[in-house]
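Below is one structure, written out as structure tokens; the observations come after it.
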Amino acid sequence: RRGLRPICFRGLGCVNPRPPPKKTSHPLTRAIAPSPRSVMADWSSLPDGEQLQRRLQEDEEAGEYTKYIAGVEALLQATLRATLPDDLVERLWRQLVVTCNAFAIRCIDQKKHATALELLGRATTLAENEEVMSRAGTMELKAFIADTNAFYYYRRNKAEAALAYVQKAMRTHVHLKDWSHVAKCHLHTGCILSKLNRHDEAIRCLAQVLAMVESGELEVGGTQPQKLCLVAVAYHNIAVEQLILRHISEACISSQNARRLARLCLSYSNRWVKCFETTHQVALGELSGVASTKNSSQATRLFNRLLKSL
């Protein structure tokens, strides 16, 4: 239906660090997912760390993302291998790649497409640095970059290219058994298939997220609200596809499930609550129309039951 769109969920973006060594005098850094205000990268373990952190923050706030990445890369290349342990060098390098990828996502949101593409290319080159990165680390990072490339082409309305990139990311995450990111790729694939008007396939793809919850591959317990939000978005997107295909009763149930799950993880889902509500109201309106025009007793009973649960 016009005005209803699937949500392109971009959570679960952090790259988990390897366990820190038991004895080290250096603060270990963590590559953190992009946030609305800052990528929150910690460079305090570098020479003149506090001064560097302030300068990099100024670059970030000014939108000088390529300058930020180039400055950190130059510093890493010049000093780290001579002064810091190899495991910390890899951690800092991973953080640099993730930060570059996060800036690319931000540029896509800001419609700075040329800069986004430049940053994605730079992130790929950095991830392929064999002197610093392990093979497994490179695989993992390139999967995240491929998913961001998919997001870039999705936003540029080049759905076929987006589909190729997200499938590439999916294959790597499956190989690494990183199931939360596999689920996110299913969600992104569903959005892309919807853009290609392959709505039945989109529903089957989104249903894989729900199957992963049932199988236990994707844990959505109380301590993991972001994953719970991902499942809520999956239900919402299924409802959108069902409305497009005129599967009205099923859409009402899916949209209601999305709303219920969203209430359990408002810290993550709050930005989409209006969208969930709008889709559910559209589904109820369609169901009400079916019940009145076709005199369908089943539709009427479902409509009344859903109204009582609001």
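Note on naming: chains are A, B, ... as they come in the structure tokens, residues start from 1 per chain, ligands start from 1 in the order shown.
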
> Which residues, written as a ChimeraX atom specification, have at least one atom at most 7 Å from stretch 68-79 of chain A, with only C-alpha atoms counted and residues fewer than 4 positions away on the same chain left out?
Replying inline: /A:56,59-60,64,83,100

Residue selection dump (all heavy atoms) as a compact mmCIF listing (two decimals), in the first residue's frame:
```txt
# COMPACT_ATOMS: atom_id res chain seq x y z
N LEU A 56 40.14 14.76 17.12
CA LEU A 56 39.31 13.87 16.30
C LEU A 56 37.82 14.16 16.52
O LEU A 56 37.02 14.09 15.58
CB LEU A 56 39.62 12.41 16.62
CG LEU A 56 41.00 11.92 16.20
CD1 LEU A 56 41.25 10.51 16.71
CD2 LEU A 56 41.16 11.98 14.69
N ASP A 59 36.98 17.02 14.36
CA ASP A 59 36.84 16.59 12.96
C ASP A 59 35.49 15.91 12.73
O ASP A 59 34.82 16.15 11.73
CB ASP A 59 37.97 15.61 12.59
CG ASP A 59 39.32 16.30 12.45
OD1 ASP A 59 39.34 17.55 12.30
OD2 ASP A 59 40.35 15.60 12.49
N GLU A 60 35.12 15.07 13.69
CA GLU A 60 33.83 14.35 13.56
C GLU A 60 32.66 15.33 13.57
O GLU A 60 31.75 15.24 12.74
CB GLU A 60 33.69 13.33 14.69
CG GLU A 60 32.40 12.53 14.60
CD GLU A 60 32.27 11.51 15.71
OE1 GLU A 60 33.26 11.27 16.45
OE2 GLU A 60 31.18 10.95 15.85
N GLU A 64 34.28 16.15 9.00
CA GLU A 64 35.54 15.89 8.27
C GLU A 64 35.93 14.42 8.47
O GLU A 64 36.95 14.10 9.08
CB GLU A 64 36.63 16.82 8.78
CG GLU A 64 36.37 18.29 8.57
CD GLU A 64 36.58 18.70 7.10
OE1 GLU A 64 37.13 17.88 6.33
OE2 GLU A 64 36.21 19.83 6.75
N THR A 83 55.61 0.32 19.15
CA THR A 83 55.46 0.65 20.57
C THR A 83 54.40 -0.16 21.31
O THR A 83 54.42 -0.18 22.54
CB THR A 83 55.10 2.14 20.73
OG1 THR A 83 53.87 2.40 20.02
CG2 THR A 83 56.20 3.03 20.16
N CYS A 100 35.30 3.93 10.30
CA CYS A 100 35.17 4.33 8.90
C CYS A 100 33.82 3.87 8.34
O CYS A 100 33.12 4.63 7.65
CB CYS A 100 36.32 3.73 8.10
SG CYS A 100 36.49 4.37 6.43
```

>> Give me, as an MDAnalysis selection string, the residues of stretch 56-180 of chain A that a backbone DSSP run labels alpha helix (DSSP H).
In response: chainID A and resid 56:61 65:75 81:83 86:109 113:127 135:155 159:175 179:180

>> Rounded to one decimal, what separation in Å do you get between atom CA of A:Pro47 and atom CA of A:Val132?
In response: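 We find that atom CA of A:Pro47 and atom CA of A:Val132 lie 18.9 Å from each other.
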
>> Quick one: residues within 12 Å of A:Gly121, only C-alpha atoms, excluding same-chain residues fewer than 2 positions away - as a list in words?
In response: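 What passes the distance filter is Thr66, Val97, Cys100, Asn101, Ala104, Ala114, Thr115, Ala116, Leu117, Glu118, Leu119, Ala123, Thr124, Thr125, Leu126, Ala127, Glu128, Lys142, Ile145, Ala146, Thr148 and Asn149 of chain A.
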
Go ahead and save the residues from that selection, with N, CA, C and O atoms, as a JSON list (two decimals), in the first residue's frame.
```
[["chain", "number", "residue", "atom", "x", "y", "z"],
["A", 66, "THR", "N", 36.79, 11.91, 6.30],
["A", 66, "THR", "CA", 37.97, 11.37, 5.63],
["A", 66, "THR", "C", 39.26, 11.87, 6.29],
["A", 66, "THR", "O", 40.24, 11.13, 6.39],
["A", 97, "VAL", "N", 38.59, 0.57, 11.24],
["A", 97, "VAL", "CA", 37.72, 0.08, 10.15],
["A", 97, "VAL", "C", 36.25, 0.29, 10.51],
["A", 97, "VAL", "O", 35.46, 0.78, 9.70],
["A", 100, "CYS", "N", 35.30, 3.93, 10.30],
["A", 100, "CYS", "CA", 35.17, 4.33, 8.90],
["A", 100, "CYS", "C", 33.82, 3.87, 8.34],
["A", 100, "CYS", "O", 33.12, 4.63, 7.65],
["A", 101, "ASN", "N", 33.45, 2.64, 8.66],
["A", 101, "ASN", "CA", 32.16, 2.10, 8.22],
["A", 101, "ASN", "C", 31.00, 2.89, 8.84],
["A", 101, "ASN", "O", 30.00, 3.18, 8.17],
["A", 104, "ALA", "N", 30.53, 6.08, 7.07],
["A", 104, "ALA", "CA", 29.88, 5.84, 5.78],
["A", 104, "ALA", "C", 28.37, 5.75, 5.95],
["A", 104, "ALA", "O", 27.60, 6.33, 5.17],
["A", 114, "ALA", "N", 28.82, 10.56, -2.39],
["A", 114, "ALA", "CA", 30.20, 10.44, -2.87],
["A", 114, "ALA", "C", 31.15, 10.16, -1.70],
["A", 114, "ALA", "O", 32.03, 9.30, -1.79],
["A", 115, "THR", "N", 30.95, 10.88, -0.59],
["A", 115, "THR", "CA", 31.79, 10.66, 0.60],
["A", 115, "THR", "C", 31.56, 9.28, 1.18],
["A", 115, "THR", "O", 32.50, 8.61, 1.60],
["A", 116, "ALA", "N", 30.31, 8.84, 1.19],
["A", 116, "ALA", "CA", 29.99, 7.50, 1.71],
["A", 116, "ALA", "C", 30.71, 6.43, 0.92],
["A", 116, "ALA", "O", 31.31, 5.50, 1.48],
["A", 117, "LEU", "N", 30.69, 6.55, -0.40],
["A", 117, "LEU", "CA", 31.33, 5.55, -1.25],
["A", 117, "LEU", "C", 32.85, 5.57, -1.06],
["A", 117, "LEU", "O", 33.50, 4.52, -1.03],
["A", 118, "GLU", "N", 33.41, 6.76, -0.90],
["A", 118, "GLU", "CA", 34.84, 6.88, -0.64],
["A", 118, "GLU", "C", 35.22, 6.21, 0.68],
["A", 118, "GLU", "O", 36.22, 5.49, 0.76],
["A", 119, "LEU", "N", 34.41, 6.43, 1.71],
["A", 119, "LEU", "CA", 34.68, 5.83, 3.02],
["A", 119, "LEU", "C", 34.53, 4.31, 2.98],
["A", 119, "LEU", "O", 35.30, 3.59, 3.62],
["A", 123, "ALA", "N", 37.39, 1.77, 3.97],
["A", 123, "ALA", "CA", 37.19, 0.74, 4.99],
["A", 123, "ALA", "C", 37.59, -0.63, 4.47],
["A", 123, "ALA", "O", 38.20, -1.43, 5.20],
["A", 124, "THR", "N", 37.26, -0.92, 3.23],
["A", 124, "THR", "CA", 37.63, -2.21, 2.63],
["A", 124, "THR", "C", 39.13, -2.37, 2.56],
["A", 124, "THR", "O", 39.69, -3.41, 2.91],
["A", 125, "THR", "N", 39.82, -1.32, 2.10],
["A", 125, "THR", "CA", 41.29, -1.36, 2.01],
["A", 125, "THR", "C", 41.91, -1.56, 3.38],
["A", 125, "THR", "O", 42.84, -2.36, 3.55],
["A", 126, "LEU", "N", 41.41, -0.86, 4.38],
["A", 126, "LEU", "CA", 41.94, -0.99, 5.74],
["A", 126, "LEU", "C", 41.72, -2.41, 6.27],
["A", 126, "LEU", "O", 42.59, -2.98, 6.92],
["A", 127, "ALA", "N", 40.53, -2.96, 6.01],
["A", 127, "ALA", "CA", 40.22, -4.30, 6.50],
["A", 127, "ALA", "C", 41.10, -5.37, 5.87],
["A", 127, "ALA", "O", 41.32, -6.44, 6.46],
["A", 128, "GLU", "N", 41.62, -5.10, 4.69],
["A", 128, "GLU", "CA", 42.43, -6.08, 3.95],
["A", 128, "GLU", "C", 43.92, -5.97, 4.27],
["A", 128, "GLU", "O", 44.74, -6.62, 3.61],
["A", 142, "LYS", "N", 34.76, -7.25, 6.56],
["A", 142, "LYS", "CA", 34.29, -7.08, 5.19],
["A", 142, "LYS", "C", 32.81, -7.44, 5.05],
["A", 142, "LYS", "O", 32.12, -6.90, 4.19],
["A", 145, "ILE", "N", 31.05, -4.32, 6.08],
["A", 145, "ILE", "CA", 31.18, -3.32, 5.01],
["A", 145, "ILE", "C", 30.25, -3.67, 3.85],
["A", 145, "ILE", "O", 29.62, -2.79, 3.25],
["A", 146, "ALA", "N", 30.15, -4.96, 3.52],
["A", 146, "ALA", "CA", 29.24, -5.38, 2.45],
["A", 146, "ALA", "C", 27.80, -5.04, 2.79],
["A", 146, "ALA", "O", 27.03, -4.59, 1.92],
["A", 148, "THR", "N", 26.83, -2.57, 4.66],
["A", 148, "THR", "CA", 26.69, -1.12, 4.49],
["A", 148, "THR", "C", 26.62, -0.74, 3.01],
["A", 148, "THR", "O", 25.88, 0.17, 2.63],
["A", 149, "ASN", "N", 27.37, -1.45, 2.17],
["A", 149, "ASN", "CA", 27.24, -1.23, 0.73],
["A", 149, "ASN", "C", 25.82, -1.53, 0.27],
["A", 149, "ASN", "O", 25.28, -0.82, -0.59]]
```

> What separation in Å, quoted to one decimal, exists between atom CA of A:Lys184 and atom CA of A:Asn197?
Replying inline: 20.1 Å

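Across the model, the gap from atom CA of A:Lys274 to atom CA of A:Asp200 is 25.3 Å.
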
>> Using only C-alpha atoms, which protein or nucleic acid residues come within 12 Å of A:Arg260? Drop anything in the same chain fewer than 3 positions from it, and give the result as a ChimeraX atom specification.
In response: /A:228-229,231-233,235-236,253-257,263-266,269,273,276-277,280,306,309-310

Export of the given selection (N, CA and C atoms) as a compact mmCIF listing (two decimals), in the first residue's frame:
```
# COMPACT_ATOMS: atom_id res chain seq x y z
N LEU A 228 15.39 -8.07 20.48
CA LEU A 228 13.93 -8.09 20.57
C LEU A 228 13.33 -7.06 19.62
N CYS A 229 13.98 -5.90 19.52
CA CYS A 229 13.53 -4.87 18.60
C CYS A 229 13.65 -5.35 17.16
N VAL A 231 13.26 -8.35 16.09
CA VAL A 231 12.13 -9.24 15.83
C VAL A 231 10.84 -8.43 15.66
N ALA A 232 10.69 -7.37 16.45
CA ALA A 232 9.51 -6.50 16.29
C ALA A 232 9.49 -5.88 14.91
N VAL A 233 10.63 -5.43 14.43
CA VAL A 233 10.72 -4.86 13.09
C VAL A 233 10.41 -5.92 12.04
N TYR A 235 8.37 -8.49 12.35
CA TYR A 235 6.90 -8.63 12.34
C TYR A 235 6.25 -7.45 11.60
N HIS A 236 6.73 -6.25 11.88
CA HIS A 236 6.17 -5.07 11.22
C HIS A 236 6.33 -5.17 9.71
N ILE A 253 -2.53 -9.51 12.59
CA ILE A 253 -1.85 -10.29 13.63
C ILE A 253 -0.37 -9.93 13.68
N SER A 254 0.27 -9.81 12.51
CA SER A 254 1.70 -9.47 12.47
C SER A 254 1.96 -8.09 13.05
N SER A 255 1.13 -7.11 12.68
CA SER A 255 1.34 -5.75 13.18
C SER A 255 1.09 -5.67 14.68
N GLN A 256 0.13 -6.46 15.17
CA GLN A 256 -0.12 -6.48 16.61
C GLN A 256 1.07 -7.09 17.35
N ASN A 257 1.63 -8.16 16.81
CA ASN A 257 2.83 -8.75 17.41
C ASN A 257 3.98 -7.75 17.45
N ARG A 263 6.87 -2.68 22.74
CA ARG A 263 6.65 -2.15 24.10
C ARG A 263 7.62 -2.73 25.11
N LEU A 264 8.23 -3.88 24.78
CA LEU A 264 9.17 -4.53 25.70
C LEU A 264 10.60 -4.04 25.53
N CYS A 265 10.83 -3.22 24.50
CA CYS A 265 12.20 -2.76 24.23
C CYS A 265 12.19 -1.31 23.75
N LEU A 266 11.49 -0.46 24.48
CA LEU A 266 11.30 0.92 24.04
C LEU A 266 12.60 1.69 23.91
N SER A 269 13.20 0.61 20.35
CA SER A 269 12.10 0.66 19.38
C SER A 269 11.39 1.99 19.35
N VAL A 273 7.99 3.58 16.94
CA VAL A 273 6.68 3.30 17.53
C VAL A 273 5.55 3.88 16.68
N PHE A 276 4.98 1.65 13.74
CA PHE A 276 4.26 0.44 14.14
C PHE A 276 2.77 0.73 14.29
N GLU A 277 2.45 1.83 14.95
CA GLU A 277 1.05 2.17 15.21
C GLU A 277 0.31 2.47 13.90
N HIS A 280 -0.41 -0.72 12.01
CA HIS A 280 -1.47 -1.50 12.66
C HIS A 280 -2.84 -0.88 12.42
N LEU A 306 -8.94 -8.05 18.24
CA LEU A 306 -7.80 -7.14 18.20
C LEU A 306 -8.13 -5.83 18.89
N SER A 309 -7.70 -6.02 22.56
CA SER A 309 -6.31 -6.16 23.04
C SER A 309 -5.51 -4.88 22.89
N LEU A 310 -6.11 -3.81 22.33
CA LEU A 310 -5.38 -2.55 22.13
C LEU A 310 -5.01 -1.94 23.47
```

>> Excluding A:Leu193 and its own-chain neighbours fewer than 3 positions away, which residues fall within 10 Å of it when counting only C-alpha atoms? Please give them as an MDAnalysis selection string.
In response: chainID A and resid 159:160 162:163 188:190 196:203 205

Please, could you write that set of residues out with all heavy atoms as a CSV table (one decimal), in the first residue's frame?
```
chain,number,residue,atom,x,y,z
A,159,ALA,N,18.4,-1.6,-6.4
A,159,ALA,CA,18.1,-2.8,-5.5
A,159,ALA,C,18.8,-4.1,-5.9
A,159,ALA,O,19.2,-4.9,-5.0
A,159,ALA,CB,16.5,-3.0,-5.6
A,160,GLU,N,19.1,-4.3,-7.2
A,160,GLU,CA,19.8,-5.5,-7.6
A,160,GLU,C,21.2,-5.5,-7.0
A,160,GLU,O,21.7,-6.5,-6.5
A,160,GLU,CB,19.9,-5.6,-9.1
A,160,GLU,CG,18.5,-5.8,-9.8
A,160,GLU,CD,18.0,-7.2,-9.6
A,160,GLU,OE1,18.7,-8.0,-9.0
A,160,GLU,OE2,16.8,-7.5,-10.0
A,162,ALA,N,22.1,-3.8,-4.3
A,162,ALA,CA,22.0,-4.0,-2.9
A,162,ALA,C,21.8,-5.4,-2.5
A,162,ALA,O,22.4,-5.9,-1.5
A,162,ALA,CB,20.8,-3.2,-2.4
A,163,LEU,N,21.0,-6.2,-3.3
A,163,LEU,CA,20.7,-7.6,-3.0
A,163,LEU,C,22.0,-8.4,-3.1
A,163,LEU,O,22.3,-9.3,-2.3
A,163,LEU,CB,19.7,-8.1,-4.0
A,163,LEU,CG,19.2,-9.5,-3.8
A,163,LEU,CD1,18.5,-9.6,-2.4
A,163,LEU,CD2,18.2,-9.9,-4.9
A,188,HIS,N,17.3,-7.0,6.1
A,188,HIS,CA,17.7,-6.2,5.0
A,188,HIS,C,17.3,-6.8,3.6
A,188,HIS,O,16.9,-6.0,2.7
A,188,HIS,CB,19.2,-5.9,5.0
A,188,HIS,CG,19.6,-5.1,6.2
A,188,HIS,ND1,20.9,-4.8,6.5
A,188,HIS,CD2,18.9,-4.5,7.2
A,188,HIS,CE1,21.0,-4.1,7.6
A,188,HIS,NE2,19.8,-3.9,8.0
A,189,THR,N,17.5,-8.1,3.5
A,189,THR,CA,17.1,-8.7,2.3
A,189,THR,C,15.6,-8.6,2.0
A,189,THR,O,15.2,-8.3,0.9
A,189,THR,CB,17.5,-10.2,2.3
A,189,THR,OG1,18.9,-10.3,2.6
A,189,THR,CG2,17.2,-10.9,1.0
A,190,GLY,N,14.8,-8.7,3.1
A,190,GLY,CA,13.4,-8.5,2.9
A,190,GLY,C,13.0,-7.1,2.4
A,190,GLY,O,12.2,-7.0,1.5
A,196,LEU,N,12.0,-4.6,-4.9
A,196,LEU,CA,11.9,-5.2,-6.2
A,196,LEU,C,10.6,-5.8,-6.5
A,196,LEU,O,10.4,-6.5,-7.5
A,196,LEU,CB,13.0,-6.4,-6.3
A,196,LEU,CG,14.4,-5.9,-6.3
A,196,LEU,CD1,15.4,-7.1,-6.0
A,196,LEU,CD2,14.8,-5.3,-7.6
A,197,ASN,N,9.6,-5.5,-5.7
A,197,ASN,CA,8.2,-6.0,-5.8
A,197,ASN,C,8.1,-7.6,-5.8
A,197,ASN,O,7.2,-8.2,-6.3
A,197,ASN,CB,7.6,-5.5,-7.1
A,197,ASN,CG,7.3,-4.0,-7.1
A,197,ASN,OD1,6.9,-3.5,-6.1
A,197,ASN,ND2,7.6,-3.4,-8.2
A,198,ARG,N,9.1,-8.2,-5.0
A,198,ARG,CA,9.1,-9.6,-4.8
A,198,ARG,C,8.5,-9.9,-3.4
A,198,ARG,O,9.3,-10.3,-2.5
A,198,ARG,CB,10.5,-10.2,-5.1
A,198,ARG,CG,10.9,-10.1,-6.5
A,198,ARG,CD,12.4,-10.1,-6.7
A,198,ARG,NE,13.0,-11.3,-6.3
A,198,ARG,CZ,14.3,-11.6,-6.5
A,198,ARG,NH1,15.1,-10.7,-7.1
A,198,ARG,NH2,14.9,-12.7,-6.0
A,199,HIS,N,7.3,-9.6,-3.2
A,199,HIS,CA,6.7,-9.5,-1.9
A,199,HIS,C,6.6,-10.9,-1.2
A,199,HIS,O,6.8,-11.0,0.0
A,199,HIS,CB,5.4,-8.8,-1.9
A,199,HIS,CG,5.5,-7.4,-2.5
A,199,HIS,ND1,6.2,-6.4,-1.8
A,199,HIS,CD2,5.0,-6.9,-3.6
A,199,HIS,CE1,6.1,-5.3,-2.5
A,199,HIS,NE2,5.4,-5.5,-3.7
A,200,ASP,N,6.2,-11.9,-2.0
A,200,ASP,CA,6.1,-13.3,-1.4
A,200,ASP,C,7.5,-13.7,-0.9
A,200,ASP,O,7.6,-14.3,0.2
A,200,ASP,CB,5.6,-14.3,-2.4
A,200,ASP,CG,4.1,-14.2,-2.6
A,200,ASP,OD1,3.4,-14.1,-1.6
A,200,ASP,OD2,3.6,-14.2,-3.7
A,201,GLU,N,8.5,-13.4,-1.7
A,201,GLU,CA,9.9,-13.8,-1.3
A,201,GLU,C,10.3,-13.0,-0.1
A,201,GLU,O,11.0,-13.5,0.8
A,201,GLU,CB,10.9,-13.5,-2.4
A,201,GLU,CG,10.7,-14.5,-3.6
A,201,GLU,CD,11.7,-14.1,-4.7
A,201,GLU,OE1,12.9,-14.3,-4.5
A,201,GLU,OE2,11.2,-13.6,-5.8
A,202,ALA,N,9.9,-11.7,0.0
A,202,ALA,CA,10.2,-10.9,1.2
A,202,ALA,C,9.7,-11.5,2.4
A,202,ALA,O,10.3,-11.5,3.5
A,202,ALA,CB,9.7,-9.5,0.9
A,203,ILE,N,8.4,-11.9,2.4
A,203,ILE,CA,7.8,-12.5,3.6
A,203,ILE,C,8.5,-13.8,4.0
A,203,ILE,O,8.8,-14.0,5.2
A,203,ILE,CB,6.3,-12.8,3.3
A,203,ILE,CG1,5.5,-11.5,3.2
A,203,ILE,CG2,5.7,-13.7,4.4
A,203,ILE,CD1,4.0,-11.7,2.8
A,205,CYS,N,11.6,-14.5,3.5
A,205,CYS,CA,12.9,-14.1,4.0
A,205,CYS,C,12.8,-13.6,5.4
A,205,CYS,O,13.5,-13.9,6.3
A,205,CYS,CB,13.5,-13.0,3.1
A,205,CYS,SG,15.2,-12.6,3.5
```

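Considering only C-alpha atoms, the residue among A:His181, A:Trp43, A:Ala169, A:Val282 positioned nearest to A:Leu96 is A:Trp43.
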
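Taking only C-alpha atoms into account, A:Ala161 lies nearest to A:Asp147 out of the set A:Glu241, A:Cys252, A:Asp147, A:Val98.
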